[in-house]
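Asks: Compact mmCIF, C-alpha atoms, file query10.txt:
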```
# COMPACT_ATOMS: atom_id res chain seq x y z
CA MET K 7 181.18 35.96 147.16
CA ILE K 8 180.53 34.54 150.64
CA PHE K 9 181.25 37.96 152.11
CA ALA K 10 178.80 39.65 149.73
CA PHE K 11 176.07 37.11 150.53
CA SER K 12 176.66 37.51 154.27
CA LEU K 13 176.45 41.29 153.90
CA PHE K 14 173.14 40.94 152.00
CA VAL K 15 171.70 38.71 154.75
CA LEU K 16 172.90 41.17 157.37
CA MET K 17 171.18 44.08 155.55
CA ILE K 18 167.90 42.16 155.29
CA THR K 19 168.06 41.23 158.95
CA ARG K 20 168.69 44.82 159.94
CA SER K 21 165.80 45.99 157.73
CA ILE K 22 163.41 43.59 159.43
CA ALA K 23 164.71 44.46 162.88
CA ASP K 24 164.65 48.24 162.26
CA GLY K 25 161.04 48.49 161.16
CA PRO K 26 158.32 47.44 158.72
CA SER K 27 159.10 46.38 155.18
CA ILE K 28 158.40 48.67 152.22
CA ARG K 29 155.17 46.80 151.48
CA GLU K 30 154.09 47.03 155.12
CA SER K 31 154.83 50.76 155.14
CA TYR K 32 152.81 51.22 151.97
CA LEU K 33 149.81 49.34 153.35
CA LEU K 34 150.06 51.26 156.60
CA HIS K 35 149.90 54.61 154.77
CA ILE K 36 146.90 53.45 152.75
CA ALA K 37 145.11 52.19 155.87
CA LYS K 38 145.81 55.38 157.83
CA GLY K 39 144.75 57.48 154.85
CA ASP K 40 141.46 55.59 154.60
CA GLU K 41 140.89 56.04 158.33
CA PHE K 42 141.39 59.80 158.08
CA TYR K 43 139.30 59.97 154.90
CA HIS K 44 136.33 58.28 156.54
CA SER K 45 136.79 60.53 159.57
CA PHE K 46 136.27 63.51 157.22
CA ASP K 47 139.90 64.62 157.67
CA ASN K 48 140.94 65.01 154.03
CA ASP K 49 144.10 66.98 154.77
CA ARG K 50 145.64 64.20 156.84
CA ALA K 51 144.32 61.55 154.47
CA LEU K 52 146.07 63.25 151.55
CA VAL K 53 149.38 63.25 153.43
CA GLU K 54 149.14 59.48 153.89
CA TYR K 55 148.09 58.84 150.28
CA GLU K 56 150.98 60.92 148.98
CA ARG K 57 153.37 58.95 151.18
CA ALA K 58 151.93 55.77 149.69
CA TYR K 59 152.40 57.26 146.22
CA ALA K 60 156.07 57.91 146.99
CA ILE K 61 156.45 54.17 147.63
CA ALA K 62 154.23 52.77 144.87
CA ALA K 63 153.32 55.38 142.25
CA ASP K 64 151.94 52.79 139.81
CA SER K 65 149.62 51.11 142.31
CA PHE K 66 145.93 51.09 141.39
CA ALA K 67 144.96 51.69 145.03
CA THR K 68 147.23 54.73 145.27
CA LEU K 69 146.15 56.35 142.02
CA GLU K 70 142.46 55.77 142.70
CA ARG K 71 142.67 57.32 146.16
CA LEU K 72 144.58 60.38 144.96
CA THR K 73 142.11 60.84 142.11
CA SER K 74 139.20 60.59 144.52
CA ILE K 75 140.52 62.89 147.22
CA TYR K 76 141.67 65.64 144.84
CA ASN K 77 138.27 65.54 143.13
CA ASP K 78 136.66 65.76 146.56
CA PHE K 79 138.78 68.80 147.38
CA GLY K 80 137.58 70.39 144.15
CA ARG K 81 133.96 69.81 145.05
CA LEU K 82 134.45 71.02 148.63
CA HIS K 83 136.03 74.26 147.41
CA LEU K 84 133.65 74.83 144.49
CA ARG K 85 131.98 78.25 144.62
CA LYS K 86 133.85 78.99 147.86
CA ASP K 87 137.23 80.12 146.53
CA THR K 88 139.36 79.94 143.38
CA SER K 89 141.16 76.67 144.18
CA ALA K 90 138.50 74.25 142.90
CA GLU K 91 139.84 74.20 139.34
CA PHE K 92 143.37 73.47 140.61
CA PHE K 93 142.17 70.48 142.61
CA TYR K 94 140.03 69.19 139.74
CA LYS K 95 143.03 69.37 137.39
CA LYS K 96 145.16 67.44 139.87
CA ALA K 97 142.45 64.79 140.07
CA PHE K 98 142.27 64.61 136.28
CA ALA K 99 146.03 64.04 136.02
CA TYR K 100 145.84 61.06 138.38
CA ALA K 101 142.71 59.75 136.64
CA ASP K 102 144.49 59.91 133.30
CA SER K 103 147.39 57.90 134.76
CA LEU K 104 144.89 55.44 136.19
CA LYS K 105 143.31 54.84 132.80
CA ASN K 106 146.67 54.56 131.03
CA ARG K 107 147.96 52.00 133.51
CA PHE K 108 144.70 50.09 134.06
CA PRO K 109 142.61 50.47 130.88
CA ASP K 110 140.69 47.25 131.51
CA ARG K 111 139.29 48.38 134.87
CA ALA K 112 135.83 49.94 134.89
CA GLU K 113 136.91 52.20 137.74
CA SER K 114 139.59 53.80 135.57
CA HIS K 115 137.05 54.96 132.99
CA PHE K 116 134.60 56.07 135.67
CA TRP K 117 137.17 58.26 137.40
CA LEU K 118 138.31 59.80 134.13
CA ALA K 119 134.69 60.56 133.22
CA LEU K 120 134.06 62.14 136.63
CA CYS K 121 137.22 64.24 136.55
CA GLU K 122 136.63 65.43 132.99
CA GLY K 123 133.05 66.30 133.87
CA SER K 124 134.17 68.23 136.93
CA LEU K 125 136.20 70.56 134.70
CA ILE K 126 133.31 71.42 132.35
CA PRO K 127 132.22 74.56 134.28
CA PHE K 128 135.68 76.06 133.67
CA LEU K 129 135.60 75.57 129.88
CA GLY K 130 134.37 77.57 126.90
CA THR K 131 131.33 76.48 124.88
CA ARG K 132 133.19 74.38 122.31
CA GLU K 133 135.36 72.73 124.94
CA LYS K 134 132.31 71.99 127.09
CA ILE K 135 130.57 70.12 124.27
CA HIS K 136 133.71 68.21 123.31
CA THR K 137 134.39 67.27 126.94
CA ALA K 138 130.78 66.20 127.50
CA HIS K 139 131.20 63.71 124.65
CA GLU K 140 134.40 62.44 126.26
CA VAL K 141 132.65 62.06 129.61
CA GLN K 142 129.80 60.14 128.00
CA ARG K 143 132.24 57.85 126.20
CA GLU K 144 134.29 57.06 129.32
CA ALA K 145 131.22 56.44 131.51
CA SER K 146 129.74 54.18 128.82
CA ARG K 147 133.03 52.29 128.60
CA ALA K 148 132.94 51.71 132.36
CA ILE K 149 129.49 50.14 131.99
CA GLU K 150 130.66 48.02 129.04
CA ILE K 151 133.33 46.56 131.30
CA ASP K 152 131.05 46.26 134.33
CA SER K 153 127.32 46.65 133.73
CA GLY K 154 126.74 46.76 137.49
CA PHE K 155 128.93 49.82 138.08
CA ALA K 156 126.33 52.05 139.73
CA GLN K 157 128.26 55.32 139.79
CA ALA K 158 128.83 55.30 136.02
CA TYR K 159 125.05 55.47 135.52
CA VAL K 160 124.99 58.59 137.71
CA ILE K 161 127.39 60.35 135.33
CA LEU K 162 125.34 59.38 132.28
CA GLY K 163 122.20 60.55 134.06
CA ILE K 164 123.77 63.95 134.71
CA ILE K 165 124.89 64.26 131.08
CA GLN K 166 121.38 63.48 129.85
CA ARG K 167 119.83 66.08 132.16
CA GLU K 168 122.30 68.83 131.34
CA ALA K 169 122.20 68.10 127.59
CA SER K 170 118.41 68.40 127.63
CA ASN K 171 118.82 72.04 128.64
CA ILE K 172 121.52 73.28 126.26
CA SER K 173 120.83 76.37 124.19
CA TRP K 174 120.17 76.42 120.45
CA PHE K 175 123.61 78.02 120.00
CA GLU K 176 125.36 75.18 121.80
CA ARG K 177 123.33 72.67 119.83
CA MET K 178 124.35 74.40 116.60
CA ILE K 179 128.03 74.23 117.57
CA ALA K 180 127.70 70.52 118.27
CA ASN K 181 126.13 69.96 114.87
CA VAL K 182 128.43 72.20 112.83
CA VAL K 183 131.78 71.83 114.58
CA PHE K 184 131.58 68.28 115.85
CA GLY K 185 129.17 66.86 113.29
CA THR K 186 126.94 65.32 115.90
CA ASN K 187 123.55 65.92 117.46
CA PHE K 188 124.21 66.54 121.13
CA SER K 189 120.93 66.30 122.98
CA GLY K 190 119.56 64.81 126.15
CA SER K 191 116.35 63.64 127.75
CA LEU K 192 115.05 64.08 131.28
CA SER K 193 113.19 60.78 131.10
CA VAL K 194 116.40 59.00 130.07
CA SER K 195 118.22 60.78 132.90
CA GLU K 196 115.62 59.49 135.34
CA THR K 197 115.94 55.94 134.00
CA LEU K 198 119.73 55.96 134.31
CA LEU K 199 119.69 57.39 137.82
CA ARG K 200 117.02 54.96 138.99
CA LYS K 201 119.18 52.16 137.56
CA SER K 202 122.07 53.48 139.64
CA VAL K 203 120.19 53.42 142.94
CA ALA K 204 118.67 50.05 142.11
CA LEU K 205 122.18 48.63 141.70
CA ASN K 206 123.35 50.32 144.90
CA PRO K 207 120.56 51.45 147.27
CA SER K 208 123.11 53.22 149.49
CA ASN K 209 124.28 55.34 146.56
CA SER K 210 123.62 58.82 147.93
CA TYR K 211 124.97 60.46 144.77
CA GLY K 212 122.28 58.75 142.71
CA TYR K 213 119.49 60.07 144.94
CA TYR K 214 120.98 63.57 144.95
CA GLU K 215 121.08 63.70 141.16
CA LEU K 216 117.60 62.18 140.97
CA TYR K 217 116.42 65.18 143.00
CA TRP K 218 117.81 67.60 140.39
CA THR K 219 116.35 65.60 137.52
CA TYR K 220 112.90 65.47 139.12
CA LYS K 221 113.18 69.18 139.89
CA ALA K 222 113.89 69.82 136.20
CA MET K 223 110.82 67.71 135.38
CA ASN K 224 108.72 69.78 137.85
CA ASP K 225 107.99 66.58 139.76
CA SER K 226 108.17 67.95 143.30
CA SER K 227 106.79 64.80 144.94
CA HIS K 228 109.53 62.50 143.62
CA ALA K 229 112.14 65.22 144.08
CA ILE K 230 111.34 65.54 147.78
CA GLN K 231 111.24 61.74 148.19
CA SER K 232 114.72 61.50 146.65
CA LEU K 233 116.07 63.97 149.20
CA ARG K 234 114.39 62.17 152.08
CA THR K 235 115.89 58.88 150.99
CA LEU K 236 119.34 60.48 150.70
CA LEU K 237 119.06 61.81 154.25
CA THR K 238 118.63 58.26 155.57
CA ILE K 239 122.10 57.38 154.25
CA ALA K 240 124.90 58.26 156.66
CA PRO K 241 127.81 60.19 155.06
CA THR K 242 131.11 58.30 154.96
CA ASN K 243 133.41 61.16 153.95
CA ALA K 244 133.58 64.97 153.84
CA ARG K 245 132.14 65.19 150.34
CA GLU K 246 129.13 63.09 151.27
CA GLN K 247 128.65 65.24 154.38
CA LEU K 248 128.55 68.34 152.18
CA GLN K 249 126.04 66.63 149.90
CA TRP K 250 123.95 65.62 152.94
CA ASP K 251 123.94 69.22 154.20
CA GLU K 252 122.96 70.55 150.77
CA ALA K 253 120.18 67.96 150.50
CA LYS K 254 118.79 69.01 153.87
CA LYS K 255 118.85 72.64 152.78
CA GLN K 256 117.13 71.84 149.47
CA LEU K 257 114.48 69.82 151.29
CA THR K 258 113.70 72.79 153.54
CA LEU K 259 113.53 75.13 150.54
CA SER K 260 111.21 72.67 148.78
CA GLY K 261 108.78 72.77 151.70
CA GLY K 262 109.46 69.22 152.80
CA LYS K 263 110.46 67.93 156.21
CA PRO K 264 113.45 65.63 156.83
```
Take the structure in the file and give it back as structure tokens.
Replies:
Amino acid sequence: MIFAFSLFVLMITRSIADGPSIRESYLLHIAKGDEFYHSFDNDRALVEYERAYAIAADSFATLERLTSIYNDFGRLHLRKDTSAEFFYKKAFAYADSLKNRFPDRAESHFWLALCEGSLIPFLGTREKIHTAHEVQREASRAIEIDSGFAQAYVILGIIQREASNISWFERMIANVVFGTNFSGSLSVSETLLRKSVALNPSNSYGYYELYWTYKAMNDSSHAIQSLRTLLTIAPTNAREQLQWDEAKKQLTLSGGKP
């Protein structure tokens, strides 16, 4: 017994002397991943997040970061090559795990809503309508948990805008197949998105989606102002940089000046 205890103490001592503890290694990978992520180096950030996942697969911080970065990869590759759907599906898998493990966190429902919504362009008509309902439900649940969760309002604002433009055929499918009236309103979209930026004035995603809602409303003045406001917000990751570049391009096409 004394021998076993002495051996245990010796192993612990060697572990401390040889390098950082498991927890320290985990935190180091997360910190390095965040540093790379905010330096717009998603490839190296992913390596660090996956190393953190190998240590603590059930950690909220790990799952949230993997969900976020894979969804970012999807957006960065969208309409550029065929890998976007793959990345979006990877993000969805992590978001689903996040919700299952942390159902009482608003972030869990937000990420699931975002990842489900990201997959809508790859679905058929029936699946699109069904998924849109799921997205709306998850985003609403995030707000029920935390009414100040700005990004969840962005998702609801997008759903309202896109639903306002669905065809009569899609509306019929929603009524007949799902037994519900799936419709949206541009004015409600505007209200939700303005709520989002009011809660978080540095929310560039809110201003970007406000631009598209105002464009759909043929309100060029407010659309251009939304882009100008977005361009005052410095990007903090590669996805935001892409959004910033797209906003600058849209502003030029709209006849405005940065």
Asks: Go through K:Ala229, K:Ile135, K:Ala156, K:Leu72 one by one, measure the shortest atom-to-atom distance of each to Cys121 of chain K using all atoms listed in the file, and give the residue with the smallest value.
Replies: K:Leu72
Asks: Extract, using only C-alpha atoms, all DNA, RNA and protein residues at most 6 Å from segment 94-109 of chain K, discarding same-chain residues fewer than 4 positions from it, and format them as a ChimeraX atom specification.
Replies: /K:69,73,76-77,80,114,117-118,121
Asks: Would you work out the distance separating atom CA of Leu233 of chain K from atom CA of Ala253 of chain K, expressed in Å to one decimal?
Replies: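 Spanning atom CA of Leu233 of chain K to atom CA of Ala253 of chain K is a straight-line distance of 5.9 Å.
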Asks: Report, in Å with one decimal, the straight-line distance from atom CA of Phe93 of chain K to atom CA of Tyr214 of chain K.
Replies: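 Separating atom CA of Phe93 of chain K from atom CA of Tyr214 of chain K is a distance of 22.4 Å.
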Asks: Do you know which residues are at most 8 Å from Tyr213 of chain K counting all atoms listed in the file, after dropping those on the same chain fewer than 5 positions away, and could you put them as number ranges by chain?
Replies: K: 199, 203, 232-233, 235-236
Asks: When you look at Leu82 of chain K with a cut-off of 8 Å (counting all atoms listed in the file), what residues show up, excluding the ones that are within fewer than 3 positions of it in the same chain? I need them as a list in words.
Replies: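 Listed by chain and then number, they are Asp78, Phe79, Ala90, Arg245 and Leu248 of chain K.
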Asks: In terms of the shortest atom-to-atom distance over all atoms listed in the file, which of K:Glu252, K:Glu168, K:Glu246, K:Asp64 is closest to His44 of chain K?
Replies: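 Of K:Glu252, K:Glu168, K:Glu246, K:Asp64, the one nearest His44 of chain K, counting all atoms listed in the file, is K:Glu246.
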Asks: Which residue gives the smallest distance to Ala138 of chain K among K:Ser226, K:Thr242, K:Ser191, K:Gln166, with all atoms listed in the file counted?
Replies: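 The shortest atom-to-atom distance to Ala138 of chain K comes from K:Gln166.
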Asks: So that I can see what lies close to Tyr32 of chain K, please list as a VMD selection string the residues with an atom at most 7 Å from it, counting all atoms listed in the file and leaving out residues fewer than 4 positions away in the same chain.
Replies: chain K and resid 28 36 58 61
Asks: Which value, in Å to one decimal, gives the distance between atom CA of Ala244 of chain K and atom CA of Leu259 of chain K?
Replies: 22.7 Å
Asks: Hey, can you pull every residue with an atom no more than 12 Å from (121.5, 56.6, 134.1), using all atoms listed in the file, and send it as a ChimeraX atom specification?
Replies: /K:142,145-146,149,153-167,190-205,211-213,215-216,219
Asks: Determine the nearest neighbour of Tyr59 of chain K from the options K:Phe128, K:His115, K:Ser31, K:Ile172, counting all atoms listed in the file.
Replies: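 Checking each of K:Phe128, K:His115, K:Ser31, K:Ile172 against Tyr59 of chain K, counting all atoms listed in the file, the winner is K:Ser31.
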Asks: Looking at only C-alpha atoms, which of K:Thr131, K:Thr238, K:Asn243, K:Thr68 is the one that sits closest to Glu54 of chain K?
Replies: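 For Glu54 of chain K, the nearest of the given residues is K:Thr68.
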Asks: Would you pull segment 106-138 of chain K out of the block just shown and save N, CA and C atoms as a short mmCIF file (atom, residue, chain, number, x, y, z; two decimals), in the first residue's frame?
Replies:
```cif
data_model
loop_
_atom_site.label_atom_id
_atom_site.label_comp_id
_atom_site.auth_asym_id
_atom_site.auth_seq_id
_atom_site.Cartn_x
_atom_site.Cartn_y
_atom_site.Cartn_z
N ASN K 106 -27.73 19.25 -26.99
CA ASN K 106 -28.02 18.06 -26.19
C ASN K 106 -27.33 18.10 -24.83
N ARG K 107 -26.12 18.65 -24.80
CA ARG K 107 -25.36 18.69 -23.55
C ARG K 107 -25.69 19.92 -22.71
N PHE K 108 -26.06 21.01 -23.38
CA PHE K 108 -26.31 22.27 -22.66
C PHE K 108 -27.64 22.88 -23.12
N PRO K 109 -28.75 22.20 -22.87
CA PRO K 109 -30.06 22.66 -23.37
C PRO K 109 -30.56 23.94 -22.71
N ASP K 110 -29.98 24.30 -21.57
CA ASP K 110 -30.44 25.50 -20.86
C ASP K 110 -29.63 26.74 -21.20
N ARG K 111 -28.71 26.63 -22.14
CA ARG K 111 -27.92 27.77 -22.56
C ARG K 111 -28.51 28.37 -23.83
N ALA K 112 -28.70 29.67 -23.84
CA ALA K 112 -29.25 30.35 -25.02
C ALA K 112 -28.35 30.14 -26.24
N GLU K 113 -27.05 30.12 -25.99
CA GLU K 113 -26.10 29.95 -27.09
C GLU K 113 -26.32 28.64 -27.84
N SER K 114 -26.67 27.59 -27.11
CA SER K 114 -26.88 26.29 -27.73
C SER K 114 -27.98 26.35 -28.78
N HIS K 115 -29.08 27.00 -28.43
CA HIS K 115 -30.22 27.10 -29.35
C HIS K 115 -29.91 28.04 -30.50
N PHE K 116 -29.14 29.09 -30.22
CA PHE K 116 -28.74 30.01 -31.29
C PHE K 116 -27.89 29.30 -32.33
N TRP K 117 -26.88 28.56 -31.86
CA TRP K 117 -25.99 27.89 -32.80
C TRP K 117 -26.72 26.83 -33.62
N LEU K 118 -27.64 26.12 -32.99
CA LEU K 118 -28.40 25.12 -33.73
C LEU K 118 -29.27 25.80 -34.79
N ALA K 119 -29.89 26.92 -34.44
CA ALA K 119 -30.70 27.68 -35.40
C ALA K 119 -29.85 28.15 -36.57
N LEU K 120 -28.67 28.68 -36.27
CA LEU K 120 -27.78 29.18 -37.32
C LEU K 120 -27.33 28.06 -38.25
N CYS K 121 -26.95 26.94 -37.65
CA CYS K 121 -26.44 25.83 -38.46
C CYS K 121 -27.54 25.16 -39.29
N GLU K 122 -28.73 25.06 -38.73
CA GLU K 122 -29.85 24.53 -39.51
C GLU K 122 -30.18 25.48 -40.65
N GLY K 123 -30.19 26.76 -40.36
CA GLY K 123 -30.49 27.75 -41.39
C GLY K 123 -29.46 27.76 -42.50
N SER K 124 -28.22 27.51 -42.16
CA SER K 124 -27.15 27.51 -43.15
C SER K 124 -27.33 26.39 -44.17
N LEU K 125 -28.02 25.33 -43.78
CA LEU K 125 -28.21 24.18 -44.67
C LEU K 125 -29.43 24.32 -45.58
N ILE K 126 -30.27 25.31 -45.34
CA ILE K 126 -31.50 25.47 -46.12
C ILE K 126 -31.26 25.55 -47.63
N PRO K 127 -30.24 26.26 -48.12
CA PRO K 127 -30.04 26.33 -49.57
C PRO K 127 -29.78 24.98 -50.24
N PHE K 128 -29.41 23.97 -49.45
CA PHE K 128 -29.08 22.67 -50.02
C PHE K 128 -30.26 21.69 -49.94
N LEU K 129 -31.43 22.17 -49.50
CA LEU K 129 -32.58 21.30 -49.29
C LEU K 129 -33.65 21.48 -50.36
N GLY K 130 -34.54 20.48 -50.46
CA GLY K 130 -35.69 20.59 -51.34
C GLY K 130 -36.76 21.47 -50.71
N THR K 131 -37.83 21.75 -51.45
CA THR K 131 -38.84 22.70 -50.98
C THR K 131 -39.45 22.30 -49.64
N ARG K 132 -39.90 21.04 -49.52
CA ARG K 132 -40.52 20.61 -48.27
C ARG K 132 -39.54 20.71 -47.10
N GLU K 133 -38.31 20.25 -47.35
CA GLU K 133 -37.31 20.28 -46.28
C GLU K 133 -36.96 21.71 -45.88
N LYS K 134 -36.96 22.61 -46.87
CA LYS K 134 -36.67 24.01 -46.57
C LYS K 134 -37.70 24.60 -45.61
N ILE K 135 -38.97 24.34 -45.89
CA ILE K 135 -40.05 24.88 -45.06
C ILE K 135 -40.00 24.28 -43.66
N HIS K 136 -39.80 22.96 -43.59
CA HIS K 136 -39.71 22.30 -42.29
C HIS K 136 -38.53 22.84 -41.49
N THR K 137 -37.38 22.99 -42.14
CA THR K 137 -36.18 23.47 -41.46
C THR K 137 -36.33 24.91 -41.02
N ALA K 138 -36.99 25.73 -41.84
CA ALA K 138 -37.22 27.12 -41.47
C ALA K 138 -38.02 27.22 -40.17
#
```
